[in-house]
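Taking it in order: structure first as structure tokens, then the write-up.
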Amino acid sequence: MSNNNNKSKAAIGVKESWASNLSDYILLRRQQTHLAYSATDSKANTDSNQFDKTEDSMLFTAFFVMLATHLEEGHTVLTIEEAEDEVPLQGQINHEFVALYGWQKALLAMLATPIFALIDTQISTQMEEDSTAEISLFTLLDTLFTKESQLWVQLALSNPEKEMLNKRFTTIASLYRLLKNTDLDFFMELVTQHTLFADVGADITKQNSLSNNKPIIYKKIEHEKTSAVSITFWLHRSWQAEFNLAKHISTILEQPITPLALSIPKNLNEQQTKAINVANNNAFSIITGGPGTGKTYTVAQLVIALQQATESRDEQQESIRFSTDSASLALAAPTGKAAQRMQESLQAALDTSEVKMQLQEAKTIHRLLGIGRTGRPRYDASNPLGEDIIIVDEASMLGVELANYLVSAVKPGARLILLGDANQLAAVDAGAVLADLCHIPILQSIHAELLESRRFSAESGIGKLANQINQTEVDTQKIWQLLKQDDALSFQYVNTLQIDESNDNKIKNSLSRNKNISRMTENYHPYIAKIKGLLENPMKKSMPESVNATVTALIEVFNQFRILSAGHNGEWGDHYINNYLTQWHLAELKLPLGQNTWFHGRPVMVLQNNYELGLFNGDIGFCLQTGDERSRLEVFFENKAQGIAVNLLNEEVIATAYAMTIHKSQGSEFDHVAITFDNSHARLLSKELIYTAVTRAKKQVTIYSTKYAFEKAVQTPTERHTGLGLQF
């Protein structure tokens, strides 16, 4: 087994250990509390051994661990289903006849996933090639039950990792013994009687929030049309966030709103007109659409009406006029880059409408709500925001917890408008708020969708490709034909090489031999030329105008091209591409190789908000030499007249930005985009990922991939399991 495989397998164990440890702690405290309260009760003492019986504890541990794993993967719920007249699967394990229903098989397989990944290569390969799910499950279970003592012999794991995986095995074995030859009714009885599981249906009528002493929440649903039965489970915190989000949205919708006096421009299409009216007549509204469909321009009409209404009120009161940008309007987005782009787009829309109004700075949602190091917002239901209109762009990036904080901070009578593209990537955090809200029946009246793109005409290759990727049933032949025929599109086949991540030389040699990556450097020649020019004619650091002009020019040329990768690792991940381009950059400028991570012209991206320095996730800056000595380096960011010394920037929250992940590119636009991924990124690929990458480009898209990886990506929709729709 390769060292690389061992690394990834060990990481699985570390990632999931926190859930196992926390469930152990909860069970321990539960037992201690029970014993403390029953210390003087002889009958309770007699029953204490039965209180924490193995199957009771293991049932909780199994579901707590599965829900925690789901949460790490972006899901807020785990749902098990049993269809009417479902026939149990039958098999032989250790010469024992067993019957399991499909939902039981799925639960056991889900729990066993980390162990399956750590079993020796031959067994894993056999299971991957086995297309029969029933046989695969029973064979794998048989492997676990018969080889328990030898399971870890071949693996280079630490003792804590072995302990964690042995605990997982014990949980699987207990759940298997508990569920074999049973049905959903038996399982429901176990859950109903368990003191750590709370039934939404039974408890929600008594109180608006379920008690924290029941960490797992569940809801049983009987589907009338299909006669199927399903049970949805949440971790308490996830349920609370979705419940509160739905409650706050319902409260906002009930707020009376006085429509603003609007003068709708004649150049708006029917969809845009509808969107304006929806936002004007409702306290909560959702406007979705792809790039160039006019979401920002449409909302600009409300901003104009707000300004006019404020000016009129001030005139009547004969008071000093206050700018609408200060107290009445808030602009926000999940990332600093998205907020900046939103402000630029809205300002451009106002300028196009010949409205003289200087907008206040758009903020990240964290900054708007005053979320600091504690993770708790300053503004909430008891201390709401003061703005009359709150506009949030790139709402597809909202996770359920951040969305809950946002809607709870909207004051009575204010408008909240969400803008976004529901086809883009879901949030990095758990949940898929925008997509969920767009599909909830009672919210359809406040949702306006814009379909007509002005950026991509009917003949635009980028627009056509984005449209094809968005189809429910993707026709790969049409996509291949489009990639071959349209001048704005290009597909470059790549070879997937096996790279030893412990051997940097092998990585560098592999990359340097690859003509495709060498070809990418040509697109950065204009940027390198600008950087060389600044060595010969440095900007005047003491003059803010010179700094702003220099940084603006660098941003403009740097945004002509960008490499977007599916993930960090592998030959086509952003880490290795940035490593290659860094060496190329140093060679082009004849700078010392590998002596310092900071060098003149290094483009960087901020990975975390830093409020002390005024830097936000997604900000792009340039490391520039500011004196005669090469060691005098500062990083300059857009709209900042002062540079920041490199020793003030933590390398762990700064990344070289020649290449970035597609997730980090959300909210940005570039003339030409190169999208890179291969078979090693299969786990990360989805149609939403590729759609997001493609729509970052304004003029040209080049895809570097294997045929297999690309077809897998466009045919794999992202599946987020969430329970928000169940709360309405």
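Simple scheme: letters A, B, ... for chains in structure tokens order, numbers from 1 for residues in each chain, numbers from 1 for ligands in the order shown.
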task: Name all residues at most 10 Å from Asn569 of chain A (count only C-alpha atoms; drop same-chain ones fewer than 3 positions away) and give them as a PyMOL selection string.
output: chain A and resi 501+565-566+572-577+677+680-681
Take the residues from that selection and put them in a file with C-alpha atoms, as an mmCIF file, in the first residue's frame.
```
data_model
loop_
_atom_site.group_PDB
_atom_site.id
_atom_site.type_symbol
_atom_site.label_atom_id
_atom_site.label_comp_id
_atom_site.auth_asym_id
_atom_site.auth_seq_id
_atom_site.Cartn_x
_atom_site.Cartn_y
_atom_site.Cartn_z
ATOM 1 C CA GLU A 501 3.354 13.414 -2.654
ATOM 2 C CA SER A 565 -8.879 23.798 -10.137
ATOM 3 C CA ALA A 566 -11.350 21.291 -8.708
ATOM 4 C CA TRP A 572 -3.956 19.377 -11.579
ATOM 5 C CA GLY A 573 -4.712 20.838 -8.157
ATOM 6 C CA ASP A 574 -3.998 24.480 -7.333
ATOM 7 C CA HIS A 575 -1.137 23.639 -4.918
ATOM 8 C CA TYR A 576 1.060 22.023 -7.551
ATOM 9 C CA ILE A 577 0.134 24.425 -10.327
ATOM 10 C CA PHE A 677 -9.035 18.487 -12.910
ATOM 11 C CA SER A 680 -7.920 11.958 -8.896
ATOM 12 C CA HIS A 681 -10.552 14.631 -8.249
#
```
query: Looking only at the backbone, which of the residues in segment 579-669 of chain A does DSSP tag as strand (DSSP E or B), as a ChimeraX atom specification?
result: /A:603-606,610,615,620-625,633-637,644-645,654-656,659-661
Hey, what's within 7 Å of segment 448-455 of chain A if we count only C-alpha atoms and toss same-chain stuff fewer than 4 positions away? As a tab-separated table (two decimals) with N, CA, C and O atoms, in the first residue's frame, please?
```tsv
chain	number	residue	atom	x	y	z
A	271	GLN	N	-39.30	39.59	-17.10
A	271	GLN	CA	-38.83	38.89	-15.90
A	271	GLN	C	-38.25	39.87	-14.89
A	271	GLN	O	-38.46	39.75	-13.68
A	272	GLN	N	-37.50	40.85	-15.38
A	272	GLN	CA	-36.91	41.85	-14.49
A	272	GLN	C	-37.98	42.71	-13.84
A	272	GLN	O	-37.90	43.04	-12.66
A	274	LYS	N	-41.03	41.79	-13.18
A	274	LYS	CA	-41.65	40.97	-12.15
A	274	LYS	C	-40.78	40.92	-10.90
A	274	LYS	O	-41.28	41.02	-9.76
A	275	ALA	N	-39.46	40.79	-11.08
A	275	ALA	CA	-38.55	40.72	-9.95
A	275	ALA	C	-38.60	42.00	-9.12
A	275	ALA	O	-38.60	41.95	-7.88
A	286	ILE	N	-36.60	36.60	-3.20
A	286	ILE	CA	-35.46	35.87	-3.76
A	286	ILE	C	-35.42	36.13	-5.26
A	286	ILE	O	-36.43	35.94	-5.96
A	287	ILE	N	-34.28	36.59	-5.76
A	287	ILE	CA	-34.11	36.82	-7.19
A	287	ILE	C	-32.93	35.98	-7.65
A	287	ILE	O	-31.80	36.17	-7.20
A	288	THR	N	-33.21	35.02	-8.53
A	288	THR	CA	-32.15	34.13	-9.01
A	288	THR	C	-31.99	34.27	-10.51
A	288	THR	O	-32.90	34.68	-11.23
A	289	GLY	N	-30.81	33.91	-10.98
A	289	GLY	CA	-30.52	33.96	-12.41
A	289	GLY	C	-29.05	33.72	-12.65
A	289	GLY	O	-28.22	33.92	-11.75
A	290	GLY	N	-28.72	33.31	-13.85
A	290	GLY	CA	-27.33	33.07	-14.21
A	290	GLY	C	-26.58	34.37	-14.43
A	290	GLY	O	-27.14	35.47	-14.28
A	291	PRO	N	-25.31	34.30	-14.81
A	291	PRO	CA	-24.51	35.50	-15.03
A	291	PRO	C	-25.08	36.34	-16.16
A	291	PRO	O	-25.49	35.80	-17.19
A	292	GLY	N	-25.12	37.65	-15.95
A	292	GLY	CA	-25.56	38.55	-16.99
A	292	GLY	C	-27.06	38.66	-17.16
A	292	GLY	O	-27.53	39.28	-18.11
A	293	THR	N	-27.84	38.08	-16.25
A	293	THR	CA	-29.30	38.16	-16.38
A	293	THR	C	-29.87	39.43	-15.75
A	293	THR	O	-31.09	39.65	-15.80
```
When you look at Tyr527 of chain A with a cut-off of 6 Å (counting only C-alpha atoms), what residues show up, excluding the ones that are within fewer than 2 positions of it in the same chain? I need them as a PDB file with N, CA, C and O atoms, in the first residue's frame.
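The result, stored in selection_22.pdb:
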```
ATOM      1  N   TYR A 524       0.020  34.293 -18.703  1.00  0.00           N
ATOM      2  CA  TYR A 524       0.430  35.207 -17.631  1.00  0.00           C
ATOM      3  C   TYR A 524       1.595  36.111 -18.051  1.00  0.00           C
ATOM      4  O   TYR A 524       2.101  36.888 -17.237  1.00  0.00           O
ATOM      5  N   HIS A 525       2.027  36.031 -19.312  1.00  0.00           N
ATOM      6  CA  HIS A 525       3.116  36.896 -19.772  1.00  0.00           C
ATOM      7  C   HIS A 525       2.790  38.386 -19.630  1.00  0.00           C
ATOM      8  O   HIS A 525       3.667  39.171 -19.232  1.00  0.00           O
ATOM      9  N   ALA A 529       5.127  40.944 -17.511  1.00  0.00           N
ATOM     10  CA  ALA A 529       5.692  42.153 -18.119  1.00  0.00           C
ATOM     11  C   ALA A 529       5.432  43.374 -17.237  1.00  0.00           C
ATOM     12  O   ALA A 529       6.315  44.231 -17.059  1.00  0.00           O
ATOM     13  N   LYS A 530       4.227  43.469 -16.670  1.00  0.00           N
ATOM     14  CA  LYS A 530       3.897  44.576 -15.769  1.00  0.00           C
ATOM     15  C   LYS A 530       4.787  44.551 -14.521  1.00  0.00           C
ATOM     16  O   LYS A 530       5.282  45.592 -14.056  1.00  0.00           O
ATOM     17  N   VAL A 557      -4.865  43.499 -15.526  1.00  0.00           N
ATOM     18  CA  VAL A 557      -4.116  42.558 -16.364  1.00  0.00           C
ATOM     19  C   VAL A 557      -4.137  41.152 -15.766  1.00  0.00           C
ATOM     20  O   VAL A 557      -4.192  40.155 -16.492  1.00  0.00           O
ATOM     21  N   PHE A 558      -4.127  41.063 -14.427  1.00  0.00           N
ATOM     22  CA  PHE A 558      -4.130  39.747 -13.780  1.00  0.00           C
ATOM     23  C   PHE A 558      -5.464  39.031 -13.996  1.00  0.00           C
ATOM     24  O   PHE A 558      -5.513  37.804 -14.103  1.00  0.00           O
TER      25      PHE A 558
END
```
message: Taking only C-alpha atoms into account, name the residue in A:Pro544, A:Ala106, A:Phe97, A:Leu489 that is nearest to Ile80 of chain A.
response: A:Ala106
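Taking segment 326-386 of chain A and asking which residues DSSP calls alpha helix (DSSP H) on the backbone, you get Ser326, Ala327, Gly336, Lys337, Ala338, Ala339, Gln340, Arg341, Met342, Gln343, Glu344, Ser345, Leu346, Gln347, Ala348, Ala349, Leu350, Asp351, Thr352, Ile365, His366, Arg367, Leu368 and Leu369 of chain A.
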query: What separation in Å, quoted to one decimal, exists between atom CA of Gln666 of chain A and atom CA of Glu688 of chain A?
result: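 Atom CA of Glu688 of chain A lies 11.6 Å from atom CA of Gln666 of chain A.
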message: Which residues are close to Val694 of chain A, i.e. within 7 Å by only C-alpha atoms, leaving aside same-chain residues fewer than 5 positions away? Reply as a list in words.
response: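 Counting only C-alpha atoms, the residues come to Ile462, Ala466 and Val701 of chain A.
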- prompt: Which polymer residues have any atom within 8 Å of an atom of Ala435 of chain A, counting only C-alpha atoms, with same-chain residues fewer than 2 positions away left out, as a ChimeraX atom specification?
  reply: /A:396,422-423,432-433,437-439
Got time to write the residues from that selection, N, CA and C atoms, as a tab-separated table (two decimals), in the first residue's frame?
```tsv
chain	number	residue	atom	x	y	z
A	396	SER	N	-26.14	31.66	-2.97
A	396	SER	CA	-25.91	30.21	-3.07
A	396	SER	C	-24.81	29.76	-2.13
A	422	ALA	N	-28.95	29.73	-8.39
A	422	ALA	CA	-29.25	28.47	-7.71
A	422	ALA	C	-28.53	27.29	-8.34
A	423	ASN	N	-27.97	27.47	-9.55
A	423	ASN	CA	-27.24	26.38	-10.21
A	423	ASN	C	-25.78	26.31	-9.82
A	432	ALA	N	-28.07	23.87	1.88
A	432	ALA	CA	-28.17	24.39	0.52
A	432	ALA	C	-29.34	25.36	0.52
A	433	VAL	N	-29.17	26.47	1.25
A	433	VAL	CA	-30.27	27.35	1.59
A	433	VAL	C	-30.97	27.92	0.37
A	437	LEU	N	-34.81	27.08	-0.65
A	437	LEU	CA	-35.85	28.11	-0.63
A	437	LEU	C	-36.55	28.24	-1.98
A	438	CYS	N	-35.80	28.02	-3.05
A	438	CYS	CA	-36.38	28.14	-4.40
A	438	CYS	C	-37.38	27.01	-4.70
A	439	HIS	N	-37.34	25.93	-3.92
A	439	HIS	CA	-38.21	24.79	-4.19
A	439	HIS	C	-39.31	24.60	-3.16
```
- request: Go through A:Asp678, A:Glu651, A:Phe456, A:Gln424 one by one, measure the shortest atom-to-atom distance of each to Gly570 of chain A using only C-alpha atoms, and give the residue with the smallest value.
  value: A:Asp678
